Structure formats: C-alpha cells, structure tokens
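Colleague: Supplied structure: structure.pdb, PDB, C-alpha atoms.
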MODEL        1
ATOM      1  CA  MET A   1     119.282  95.979  90.729  1.00  0.00           C
ATOM      2  CA  GLU A   2     120.653  94.188  87.659  1.00  0.00           C
ATOM      3  CA  LEU A   3     117.278  94.534  85.879  1.00  0.00           C
ATOM      4  CA  THR A   4     116.363  98.069  86.985  1.00  0.00           C
ATOM      5  CA  GLU A   5     119.737  99.421  85.916  1.00  0.00           C
ATOM      6  CA  ARG A   6     119.056  98.113  82.406  1.00  0.00           C
ATOM      7  CA  GLY A   7     115.520  99.566  82.368  1.00  0.00           C
ATOM      8  CA  HIS A   8     113.645  96.249  82.142  1.00  0.00           C
ATOM      9  CA  ALA A   9     110.099  95.912  83.506  1.00  0.00           C
ATOM     10  CA  PHE A  10     109.637  92.777  85.591  1.00  0.00           C
ATOM     11  CA  CYS A  11     107.434  91.099  88.184  1.00  0.00           C
ATOM     12  CA  ARG A  12     108.700  88.677  90.805  1.00  0.00           C
ATOM     13  CA  TYR A  13     107.287  86.434  93.504  1.00  0.00           C
ATOM     14  CA  ALA A  14     109.629  84.175  95.514  1.00  0.00           C
ATOM     15  CA  ASP A  15     111.757  82.408  92.864  1.00  0.00           C
ATOM     16  CA  ASP A  16     109.340  83.059  89.995  1.00  0.00           C
ATOM     17  CA  CYS A  17     110.025  86.035  87.744  1.00  0.00           C
ATOM     18  CA  ASN A  18     108.848  87.448  84.397  1.00  0.00           C
ATOM     19  CA  ILE A  19     110.897  90.078  82.529  1.00  0.00           C
ATOM     20  CA  TYR A  20     109.306  92.235  79.821  1.00  0.00           C
ATOM     21  CA  VAL A  21     111.247  93.696  76.896  1.00  0.00           C
ATOM     22  CA  GLY A  22     110.354  95.288  73.583  1.00  0.00           C
ATOM     23  CA  SER A  23     111.248  92.602  71.047  1.00  0.00           C
ATOM     24  CA  GLU A  24     111.748  88.869  70.576  1.00  0.00           C
ATOM     25  CA  ARG A  25     115.426  89.383  69.850  1.00  0.00           C
ATOM     26  CA  GLY A  26     115.788  91.374  73.052  1.00  0.00           C
ATOM     27  CA  ALA A  27     113.974  88.659  74.984  1.00  0.00           C
ATOM     28  CA  HIS A  28     116.464  85.984  73.931  1.00  0.00           C
ATOM     29  CA  ARG A  29     119.372  88.298  74.695  1.00  0.00           C
ATOM     30  CA  VAL A  30     118.054  89.121  78.190  1.00  0.00           C
ATOM     31  CA  LEU A  31     117.251  85.473  78.915  1.00  0.00           C
ATOM     32  CA  HIS A  32     120.821  84.516  78.135  1.00  0.00           C
ATOM     33  CA  SER A  33     122.401  87.383  80.106  1.00  0.00           C
ATOM     34  CA  VAL A  34     120.178  86.953  83.184  1.00  0.00           C
ATOM     35  CA  THR A  35     120.704  83.178  83.217  1.00  0.00           C
ATOM     36  CA  THR A  36     124.451  83.689  83.008  1.00  0.00           C
ATOM     37  CA  PHE A  37     124.351  86.279  85.806  1.00  0.00           C
ATOM     38  CA  LEU A  38     122.309  84.038  88.117  1.00  0.00           C
ATOM     39  CA  GLU A  39     124.352  80.915  87.546  1.00  0.00           C
ATOM     40  CA  ARG A  40     127.875  82.330  87.403  1.00  0.00           C
ATOM     41  CA  ARG A  41     127.739  85.307  89.706  1.00  0.00           C
ATOM     42  CA  LEU A  42     125.044  84.349  92.210  1.00  0.00           C
ATOM     43  CA  LYS A  43     125.682  80.589  91.948  1.00  0.00           C
ATOM     44  CA  LEU A  44     121.951  79.861  91.597  1.00  0.00           C
ATOM     45  CA  ARG A  45     120.395  77.090  89.554  1.00  0.00           C
ATOM     46  CA  VAL A  46     118.033  78.136  86.748  1.00  0.00           C
ATOM     47  CA  ASN A  47     115.303  75.693  85.682  1.00  0.00           C
ATOM     48  CA  ARG A  48     115.907  75.479  81.925  1.00  0.00           C
ATOM     49  CA  GLU A  49     112.610  73.666  81.281  1.00  0.00           C
ATOM     50  CA  LYS A  50     110.514  76.465  82.770  1.00  0.00           C
ATOM     51  CA  SER A  51     112.650  79.354  81.513  1.00  0.00           C
ATOM     52  CA  ALA A  52     111.950  80.594  78.001  1.00  0.00           C
ATOM     53  CA  ALA A  53     111.413  83.668  75.846  1.00  0.00           C
ATOM     54  CA  GLY A  54     107.899  84.116  74.483  1.00  0.00           C
ATOM     55  CA  ARG A  55     105.007  86.454  73.889  1.00  0.00           C
ATOM     56  CA  PRO A  56     103.201  87.697  77.041  1.00  0.00           C
ATOM     57  CA  TRP A  57     100.124  85.586  76.272  1.00  0.00           C
ATOM     58  CA  GLN A  58     102.311  82.487  75.923  1.00  0.00           C
ATOM     59  CA  ARG A  59     103.732  82.822  79.416  1.00  0.00           C
ATOM     60  CA  SER A  60     102.007  82.771  82.807  1.00  0.00           C
ATOM     61  CA  PHE A  61     102.776  84.205  86.226  1.00  0.00           C
ATOM     62  CA  LEU A  62     101.055  83.034  89.422  1.00  0.00           C
ATOM     63  CA  GLY A  63      98.248  81.541  87.355  1.00  0.00           C
ATOM     64  CA  TYR A  64      97.650  84.687  85.302  1.00  0.00           C
ATOM     65  CA  THR A  65      98.660  85.566  81.776  1.00  0.00           C
ATOM     66  CA  VAL A  66      98.455  88.736  79.692  1.00  0.00           C
ATOM     67  CA  CYS A  67      96.542  89.131  76.448  1.00  0.00           C
ATOM     68  CA  THR A  68      96.981  92.073  74.105  1.00  0.00           C
ATOM     69  CA  ARG A  69      94.658  93.118  71.309  1.00  0.00           C
ATOM     70  CA  LYS A  70      95.053  96.413  69.451  1.00  0.00           C
ATOM     71  CA  ARG A  71      97.179  97.756  72.305  1.00  0.00           C
ATOM     72  CA  ASN A  72      94.456  96.843  74.804  1.00  0.00           C
ATOM     73  CA  ILE A  73      96.300  94.930  77.528  1.00  0.00           C
ATOM     74  CA  ARG A  74      94.198  92.673  79.731  1.00  0.00           C
ATOM     75  CA  LEU A  75      94.956  90.281  82.559  1.00  0.00           C
ATOM     76  CA  ARG A  76      93.423  86.843  82.161  1.00  0.00           C
ATOM     77  CA  VAL A  77      93.435  83.417  83.816  1.00  0.00           C
ATOM     78  CA  SER A  78      95.981  81.180  82.136  1.00  0.00           C
ATOM     79  CA  PRO A  79      94.639  78.085  80.313  1.00  0.00           C
ATOM     80  CA  LYS A  80      96.828  75.887  82.535  1.00  0.00           C
ATOM     81  CA  SER A  81      95.138  77.306  85.647  1.00  0.00           C
ATOM     82  CA  VAL A  82      91.692  76.543  84.229  1.00  0.00           C
ATOM     83  CA  LYS A  83      92.738  72.997  83.309  1.00  0.00           C
ATOM     84  CA  ARG A  84      94.226  72.399  86.755  1.00  0.00           C
ATOM     85  CA  PHE A  85      91.083  73.782  88.415  1.00  0.00           C
ATOM     86  CA  LYS A  86      88.838  71.495  86.388  1.00  0.00           C
ATOM     87  CA  GLY A  87      91.005  68.554  87.407  1.00  0.00           C
ATOM     88  CA  LYS A  88      90.404  69.352  91.087  1.00  0.00           C
ATOM     89  CA  LEU A  89      86.661  69.683  90.509  1.00  0.00           C
ATOM     90  CA  LYS A  90      86.584  66.367  88.644  1.00  0.00           C
ATOM     91  CA  SER A  91      88.299  64.672  91.569  1.00  0.00           C
ATOM     92  CA  LEU A  92      85.640  66.008  93.937  1.00  0.00           C
ATOM     93  CA  LEU A  93      82.803  65.063  91.584  1.00  0.00           C
ATOM     94  CA  ARG A  94      84.059  61.472  91.367  1.00  0.00           C
ATOM     95  CA  ARG A  95      83.742  61.239  95.145  1.00  0.00           C
ATOM     96  CA  ALA A  96      80.286  62.841  94.984  1.00  0.00           C
ATOM     97  CA  ARG A  97      78.602  60.171  92.872  1.00  0.00           C
ATOM     98  CA  GLY A  98      76.769  58.783  95.894  1.00  0.00           C
ATOM     99  CA  TRP A  99      75.988  62.155  97.517  1.00  0.00           C
ATOM    100  CA  ASN A 100      72.753  64.082  97.225  1.00  0.00           C
ATOM    101  CA  ILE A 101      72.977  67.145  95.002  1.00  0.00           C
ATOM    102  CA  ARG A 102      72.802  69.695  97.829  1.00  0.00           C
ATOM    103  CA  ARG A 103      75.759  68.121  99.612  1.00  0.00           C
ATOM    104  CA  THR A 104      77.698  68.187  96.336  1.00  0.00           C
ATOM    105  CA  THR A 105      77.027  71.880  95.650  1.00  0.00           C
ATOM    106  CA  HIS A 106      78.043  72.777  99.196  1.00  0.00           C
ATOM    107  CA  ALA A 107      81.277  70.799  98.844  1.00  0.00           C
ATOM    108  CA  LEU A 108      82.006  72.616  95.593  1.00  0.00           C
ATOM    109  CA  ALA A 109      81.323  76.007  97.157  1.00  0.00           C
ATOM    110  CA  THR A 110      84.625  76.218  99.040  1.00  0.00           C
ATOM    111  CA  LYS A 111      86.729  75.458  95.971  1.00  0.00           C
ATOM    112  CA  LEU A 112      84.715  77.748  93.695  1.00  0.00           C
ATOM    113  CA  ARG A 113      84.745  80.646  96.153  1.00  0.00           C
ATOM    114  CA  GLY A 114      88.492  80.354  96.753  1.00  0.00           C
ATOM    115  CA  TRP A 115      89.293  80.149  93.029  1.00  0.00           C
ATOM    116  CA  ILE A 116      87.224  83.162  92.001  1.00  0.00           C
ATOM    117  CA  ASN A 117      88.585  85.228  94.889  1.00  0.00           C
ATOM    118  CA  TYR A 118      92.117  84.534  93.715  1.00  0.00           C
ATOM    119  CA  PHE A 119      91.383  85.313  90.054  1.00  0.00           C
ATOM    120  CA  ARG A 120      89.086  88.279  90.675  1.00  0.00           C
ATOM    121  CA  TYR A 121      91.725  90.621  89.217  1.00  0.00           C
ATOM    122  CA  ALA A 122      91.407  89.156  85.733  1.00  0.00           C
ATOM    123  CA  THR A 123      90.002  91.765  83.341  1.00  0.00           C
ATOM    124  CA  ALA A 124      89.356  89.242  80.547  1.00  0.00           C
ATOM    125  CA  LYS A 125      86.274  87.836  82.282  1.00  0.00           C
ATOM    126  CA  GLY A 126      84.776  85.670  79.515  1.00  0.00           C
ATOM    127  CA  ILE A 127      86.753  82.661  80.719  1.00  0.00           C
ATOM    128  CA  PHE A 128      84.511  82.324  83.793  1.00  0.00           C
ATOM    129  CA  ASN A 129      81.448  81.379  81.727  1.00  0.00           C
ATOM    130  CA  GLU A 130      82.883  78.131  80.376  1.00  0.00           C
ATOM    131  CA  PRO A 131      83.622  76.441  83.750  1.00  0.00           C
ATOM    132  CA  ASP A 132      80.108  77.399  84.943  1.00  0.00           C
ATOM    133  CA  GLY A 133      78.421  75.541  82.079  1.00  0.00           C
ATOM    134  CA  TRP A 134      80.907  72.662  82.256  1.00  0.00           C
ATOM    135  CA  LEU A 135      80.176  72.152  85.954  1.00  0.00           C
ATOM    136  CA  ARG A 136      76.394  72.108  85.474  1.00  0.00           C
ATOM    137  CA  LEU A 137      76.844  69.419  82.808  1.00  0.00           C
ATOM    138  CA  HIS A 138      78.746  67.249  85.265  1.00  0.00           C
ATOM    139  CA  LEU A 139      76.111  67.721  87.961  1.00  0.00           C
ATOM    140  CA  ARG A 140      73.351  66.722  85.535  1.00  0.00           C
ATOM    141  CA  LYS A 141      75.407  63.671  84.560  1.00  0.00           C
ATOM    142  CA  ILE A 142      75.729  62.667  88.227  1.00  0.00           C
ATOM    143  CA  LEU A 143      71.962  62.960  88.730  1.00  0.00           C
ATOM    144  CA  TRP A 144      71.199  60.947  85.587  1.00  0.00           C
ATOM    145  CA  ARG A 145      73.427  58.160  86.876  1.00  0.00           C
ATOM    146  CA  GLN A 146      71.889  58.302  90.352  1.00  0.00           C
ATOM    147  CA  TRP A 147      68.390  57.916  88.946  1.00  0.00           C
ATOM    148  CA  LYS A 148      69.616  54.661  87.293  1.00  0.00           C
ATOM    149  CA  ARG A 149      66.401  53.026  86.018  1.00  0.00           C
ATOM    150  CA  GLY A 150      64.148  54.293  83.261  1.00  0.00           C
ATOM    151  CA  ARG A 151      61.111  54.542  85.539  1.00  0.00           C
ATOM    152  CA  THR A 152      62.996  56.566  88.093  1.00  0.00           C
ATOM    153  CA  ARG A 153      64.392  58.879  85.434  1.00  0.00           C
ATOM    154  CA  ALA A 154      60.960  59.444  83.903  1.00  0.00           C
ATOM    155  CA  ARG A 155      59.419  60.089  87.323  1.00  0.00           C
ATOM    156  CA  MET A 156      62.142  62.580  88.282  1.00  0.00           C
ATOM    157  CA  LEU A 157      61.894  64.402  84.945  1.00  0.00           C
ATOM    158  CA  MET A 158      58.110  64.735  85.347  1.00  0.00           C
ATOM    159  CA  ARG A 159      58.596  65.975  88.908  1.00  0.00           C
ATOM    160  CA  LEU A 160      60.907  68.644  87.493  1.00  0.00           C
ATOM    161  CA  GLY A 161      58.341  69.832  84.959  1.00  0.00           C
ATOM    162  CA  ILE A 162      58.864  67.641  81.879  1.00  0.00           C
ATOM    163  CA  ALA A 163      55.701  66.361  80.154  1.00  0.00           C
ATOM    164  CA  GLU A 164      55.031  62.626  80.643  1.00  0.00           C
ATOM    165  CA  ARG A 165      55.431  61.560  77.004  1.00  0.00           C
ATOM    166  CA  ARG A 166      58.651  63.515  76.594  1.00  0.00           C
ATOM    167  CA  ALA A 167      60.009  62.201  79.898  1.00  0.00           C
ATOM    168  CA  VAL A 168      59.409  58.582  78.882  1.00  0.00           C
ATOM    169  CA  LEU A 169      60.930  59.072  75.423  1.00  0.00           C
ATOM    170  CA  SER A 170      63.967  60.785  76.961  1.00  0.00           C
ATOM    171  CA  THR A 171      64.704  57.805  79.183  1.00  0.00           C
ATOM    172  CA  THR A 172      64.661  55.377  76.248  1.00  0.00           C
ATOM    173  CA  ASN A 173      66.934  57.293  73.864  1.00  0.00           C
ATOM    174  CA  GLY A 174      69.771  54.765  74.315  1.00  0.00           C
ATOM    175  CA  ARG A 175      72.337  57.506  74.947  1.00  0.00           C
ATOM    176  CA  GLY A 176      74.846  57.674  77.780  1.00  0.00           C
ATOM    177  CA  PRO A 177      74.882  59.927  80.869  1.00  0.00           C
ATOM    178  CA  TRP A 178      77.131  62.600  79.331  1.00  0.00           C
ATOM    179  CA  TRP A 179      74.940  62.991  76.229  1.00  0.00           C
ATOM    180  CA  ASN A 180      71.793  63.195  78.343  1.00  0.00           C
ATOM    181  CA  ALA A 181      73.442  65.752  80.636  1.00  0.00           C
ATOM    182  CA  GLY A 182      73.652  68.142  77.700  1.00  0.00           C
ATOM    183  CA  ALA A 183      70.286  67.242  76.148  1.00  0.00           C
ATOM    184  CA  SER A 184      67.312  69.614  76.150  1.00  0.00           C
ATOM    185  CA  HIS A 185      65.228  67.544  78.599  1.00  0.00           C
ATOM    186  CA  MET A 186      67.911  67.757  81.308  1.00  0.00           C
ATOM    187  CA  ASN A 187      68.628  71.415  80.592  1.00  0.00           C
ATOM    188  CA  GLN A 188      64.957  72.233  80.986  1.00  0.00           C
ATOM    189  CA  ALA A 189      64.491  70.039  84.078  1.00  0.00           C
ATOM    190  CA  LEU A 190      67.675  71.279  85.768  1.00  0.00           C
ATOM    191  CA  PRO A 191      68.226  74.904  84.673  1.00  0.00           C
ATOM    192  CA  LYS A 192      70.798  77.339  86.003  1.00  0.00           C
ATOM    193  CA  LYS A 193      68.323  78.870  88.488  1.00  0.00           C
ATOM    194  CA  LEU A 194      67.649  75.496  90.110  1.00  0.00           C
ATOM    195  CA  PHE A 195      71.360  74.932  90.771  1.00  0.00           C
ATOM    196  CA  GLU A 196      71.577  78.420  92.252  1.00  0.00           C
ATOM    197  CA  ARG A 197      68.782  77.571  94.698  1.00  0.00           C
ATOM    198  CA  LEU A 198      70.667  74.394  95.621  1.00  0.00           C
ATOM    199  CA  GLY A 199      73.699  76.472  96.595  1.00  0.00           C
ATOM    200  CA  LEU A 200      75.908  76.219  93.497  1.00  0.00           C
ATOM    201  CA  ILE A 201      78.239  79.219  93.212  1.00  0.00           C
ATOM    202  CA  LEU A 202      78.401  80.708  89.731  1.00  0.00           C
ATOM    203  CA  LEU A 203      81.846  82.012  88.848  1.00  0.00           C
ATOM    204  CA  MET A 204      80.694  84.795  86.543  1.00  0.00           C
ATOM    205  CA  ASP A 205      78.111  86.113  89.010  1.00  0.00           C
ATOM    206  CA  SER A 206      80.664  85.962  91.841  1.00  0.00           C
ATOM    207  CA  TYR A 207      83.197  87.807  89.676  1.00  0.00           C
ATOM    208  CA  HIS A 208      80.764  90.672  89.110  1.00  0.00           C
ATOM    209  CA  GLN A 209      79.886  90.820  92.821  1.00  0.00           C
ATOM    210  CA  LEU A 210      83.561  90.941  93.844  1.00  0.00           C
ATOM    211  CA  ASN A 211      84.368  93.658  91.335  1.00  0.00           C
ATOM    212  CA  HIS A 212      81.266  95.780  91.870  1.00  0.00           C
ATOM    213  CA  HIS A 213      82.208  99.238  93.075  1.00  0.00           C
ATOM    214  CA  PRO A 214      79.176 101.245  94.260  1.00  0.00           C
TER     215      PRO A 214
ENDMDL
END
Please lay out the structure from this file as structure tokens.
Modeller:
Amino acid sequence: MELTERGHAFCRYADDCNIYVGSERGAHRVLHSVTTFLERRLKLRVNREKSAAGRPWQRSFLGYTVCTRKRNIRLRVSPKSVKRFKGKLKSLLRRARGWNIRRTTHALATKLRGWINYFRYATAKGIFNEPDGWLRLHLRKILWRQWKRGRTRARMLMRLGIAERRAVLSTTNGRGPWWNAGASHMNQALPKKLFERLGLILLMDSYHQLNHHP
C-alpha cells in the first residue's frame, strides 16, 4: 500500500523486493524512506548490505536481472546466477573424474534441465551459449586425464577419427589437460554432436525448445 499510493512500480517475493523509479536521485530518496518506514513503523530489520540503489542491470531479483539498450528492455540471467551455477557443475565434475562419460552426462542432465527450466523466461538468450562451450571443455579435460598415458591418448584419438601422425604428435605436445581440452585435436575428436549422442543437454537448444510456440 505504501508503494502503490506513491505510484512506484515494484516486484516482490517473500522478503525480497525491487522498487523501480525514474531517476538515481529518486532511487536514493525512496530507499531511505522505505527503509525508515520498515524499521520504525513496521519494526522490521533491513539488510543494509543487500539493500542499495542502482541501475536495473546492476541489481538482480530471483536470479534475473534487467538489461536496457535503446529503450529495448530485456530480461536476462544475472552474472551471479551463472557463476553460482558453474560452481555447482564444477563440484559435480570433480566427483566425476573416475566415471565414464555417459554416466557423467546423465548426472549433469538433472542440473542442466532444472536450470534452463527456471531461466527459460530470459529474453537475452546469448548467455546460454557460454556455459555450453565451457561444459564441453571440462568434459574433454576429464577424458584427457582418464586416458592418462600417451599410447592410450593416441589410440583413443585415432578411434575418434584423428589421423595417426596427428594423434601421436598431439599426445606429445607437453601441454596440460585444460590446454588440450580446447585444442583442435580434441575439438575434432569430441565435437558437439558426439556429446549430444552421449546425452549431454545443451542449454541453448533446450531454451529454444521450451520457448517454441507452434
């Protein structure tokens, strides 16, 4: 009632709330007045660390944020949500070092499906491409480590279509697992389509499927 009477647009979920005003000066004024109202009149405690005035794209709400460009307002996944999501995937991938690749992709499927279902309402969709590529890099790194020896690596690369000479040279490049995961020999041997066949869910493809309206 306090906000609607003053004509402020706002969104609220449980104890989390964003209020939208027309200027930075107005934002600081409303932050002060609402904080005072909550603490003095309603006797509620306001978290000063999480409460602030800022541009829409600098603030987040339920994992989303708003980006504006030439008056084109779009809903996007907040950078913090992406970072937190990657942290959860990394934790799973650390446990998966001894698993076969199909078991790993199936274990990832639940987390990936749940995340994209929650963020399916984002209209700034470009952010879904980056985690897809990042995840394939980590899976290639896991496989490179699992193959361990040079002979095994060369044999597996040849089995996946890499010419013998190139496979042998690739295993003796002296580089670490992360570098090899992004190198051309691993990209060619383990392309996007192969991971799809192994059951890896692609965020961008899932986003388009969820938002397809026949």
Colleague: Which residue gives the smallest distance to A:Lys192 among A:Ile142, A:Ala154, A:Ala163, A:Leu137, with all atoms listed in the file counted?
Modeller: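 Of A:Ile142, A:Ala154, A:Ala163, A:Leu137, the one nearest A:Lys192, counting all atoms listed in the file, is A:Leu137.
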Colleague: Can you list, as a list in words, the residues that the PyMOL selection byres ((chain A and resi 147) around 12) selects here?
Modeller: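 Taken over the shown coordinates, the PyMOL selection byres ((chain A and resi 147) around 12) returns Arg97, Gly98, Asn100, Ile101, Arg140, Lys141, Ile142, Leu143, Trp144, Arg145, Gln146, Lys148, Arg149, Gly150, Arg151, Thr152, Arg153, Ala154, Arg155, Met156, Leu157, Thr171 and Pro177 of chain A.
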Colleague: Give me the result of the PyMOL selection byres ((chain A and resi 121) around 12) on this file, residue by residue, as JSON, numbers by chain.
Modeller: {"A": [63, 64, 65, 66, 74, 75, 76, 77, 115, 116, 117, 118, 119, 120, 122, 123, 124, 125, 207, 208, 210, 211, 212]}
Colleague: Output as CSV one row per residue of stretch 126-197 of chain A within 10 Å of stretch 91-96 of chain A: the closest atom pair and its distance in Å to one decimal place, counting all atoms listed in the file, sorted by chain and residue number ascending.
Modeller:
residue,atom,partner,partner_atom,distance
A:Leu135,CA,A:Leu93,CA,9.4
A:His138,CA,A:Leu93,CA,7.8
A:Leu139,CA,A:Leu93,CA,8.1
A:Ile142,CA,A:Ala96,CA,8.2
Colleague: Take the residues from that selection and write them out as an mmCIF file, keeping the file's coordinate frame, keeping C-alpha atoms.
Modeller:
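Now in result_11.cif:
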data_model
loop_
_atom_site.group_PDB
_atom_site.id
_atom_site.type_symbol
_atom_site.label_atom_id
_atom_site.label_comp_id
_atom_site.auth_asym_id
_atom_site.auth_seq_id
_atom_site.Cartn_x
_atom_site.Cartn_y
_atom_site.Cartn_z
ATOM 1 C CA LEU A 135 80.176 72.152 85.954
ATOM 2 C CA HIS A 138 78.746 67.249 85.265
ATOM 3 C CA LEU A 139 76.111 67.721 87.961
ATOM 4 C CA ILE A 142 75.729 62.667 88.227
#
Colleague: In terms of the shortest atom-to-atom distance over all atoms listed in the file, which of A:Gln188, A:Thr172, A:Ser206, A:Thr104 is closest to A:Lys90?
Modeller: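 Looking at the shortest contact to A:Lys90, the residue is A:Thr104.
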Colleague: Quick check on the file I pasted: which residues fall under the PyMOL selection byres ((chain A and resi 109) around 12)? Write them as an mmCIF file with C-alpha atoms, in the frame of the given file.
Modeller:
data_model
loop_
_atom_site.group_PDB
_atom_site.id
_atom_site.type_symbol
_atom_site.label_atom_id
_atom_site.label_comp_id
_atom_site.auth_asym_id
_atom_site.auth_seq_id
_atom_site.Cartn_x
_atom_site.Cartn_y
_atom_site.Cartn_z
ATOM 1 C CA LEU A 89 86.661 69.683 90.509
ATOM 2 C CA LEU A 92 85.640 66.008 93.937
ATOM 3 C CA ARG A 102 72.802 69.695 97.829
ATOM 4 C CA ARG A 103 75.759 68.121 99.612
ATOM 5 C CA THR A 104 77.698 68.187 96.336
ATOM 6 C CA THR A 105 77.027 71.880 95.650
ATOM 7 C CA HIS A 106 78.043 72.777 99.196
ATOM 8 C CA ALA A 107 81.277 70.799 98.844
ATOM 9 C CA LEU A 108 82.006 72.616 95.593
ATOM 10 C CA THR A 110 84.625 76.218 99.040
ATOM 11 C CA LYS A 111 86.729 75.458 95.971
ATOM 12 C CA LEU A 112 84.715 77.748 93.695
ATOM 13 C CA ARG A 113 84.745 80.646 96.153
ATOM 14 C CA GLY A 114 88.492 80.354 96.753
ATOM 15 C CA TRP A 115 89.293 80.149 93.029
ATOM 16 C CA ILE A 116 87.224 83.162 92.001
ATOM 17 C CA ASN A 117 88.585 85.228 94.889
ATOM 18 C CA LEU A 135 80.176 72.152 85.954
ATOM 19 C CA PHE A 195 71.360 74.932 90.771
ATOM 20 C CA GLU A 196 71.577 78.420 92.252
ATOM 21 C CA LEU A 198 70.667 74.394 95.621
ATOM 22 C CA GLY A 199 73.699 76.472 96.595
ATOM 23 C CA LEU A 200 75.908 76.219 93.497
ATOM 24 C CA ILE A 201 78.239 79.219 93.212
ATOM 25 C CA LEU A 202 78.401 80.708 89.731
ATOM 26 C CA LEU A 203 81.846 82.012 88.848
ATOM 27 C CA SER A 206 80.664 85.962 91.841
#
Colleague: In file coordinates, which residues lie within 10 Å of (64.1, 65.8, 80.3) using only C-alpha atoms, given as number ranges by chain?
Modeller: A: 153-154, 156-158, 160-164, 166-171, 180-181, 183-190
Colleague: Using C-alpha atoms, can you write the selected residues to a file as a short mmCIF file (atom, residue, chain, number, x, y, z; two decimals), in the coordinates of the input?
Modeller:
data_model
loop_
_atom_site.label_atom_id
_atom_site.label_comp_id
_atom_site.auth_asym_id
_atom_site.auth_seq_id
_atom_site.Cartn_x
_atom_site.Cartn_y
_atom_site.Cartn_z
CA ARG A 153 64.39 58.88 85.43
CA ALA A 154 60.96 59.44 83.90
CA MET A 156 62.14 62.58 88.28
CA LEU A 157 61.89 64.40 84.94
CA MET A 158 58.11 64.74 85.35
CA LEU A 160 60.91 68.64 87.49
CA GLY A 161 58.34 69.83 84.96
CA ILE A 162 58.86 67.64 81.88
CA ALA A 163 55.70 66.36 80.15
CA GLU A 164 55.03 62.63 80.64
CA ARG A 166 58.65 63.52 76.59
CA ALA A 167 60.01 62.20 79.90
CA VAL A 168 59.41 58.58 78.88
CA LEU A 169 60.93 59.07 75.42
CA SER A 170 63.97 60.78 76.96
CA THR A 171 64.70 57.80 79.18
CA ASN A 180 71.79 63.20 78.34
CA ALA A 181 73.44 65.75 80.64
CA ALA A 183 70.29 67.24 76.15
CA SER A 184 67.31 69.61 76.15
CA HIS A 185 65.23 67.54 78.60
CA MET A 186 67.91 67.76 81.31
CA ASN A 187 68.63 71.42 80.59
CA GLN A 188 64.96 72.23 80.99
CA ALA A 189 64.49 70.04 84.08
CA LEU A 190 67.68 71.28 85.77
#
Colleague: Hey, can you check how far atom CA of A:Trp99 sits from atom CA of A:Glu130?
Modeller: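 Result for atom CA of A:Trp99 versus atom CA of A:Glu130: 24.4 Å, one decimal.
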Colleague: Record the distance separating atom CA of A:Lys80 and atom CA of A:Trp178, expressed in Å with one decimal.
Modeller: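 Distance between the two atoms: 24.0 Å.
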Colleague: Please indicate the distance in Å from atom CA of A:Arg84 to atom CA of A:Met204, rounded to one decimal place.
Modeller: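 Interatomic distance, atom CA of A:Arg84 to atom CA of A:Met204: 18.4 Å.
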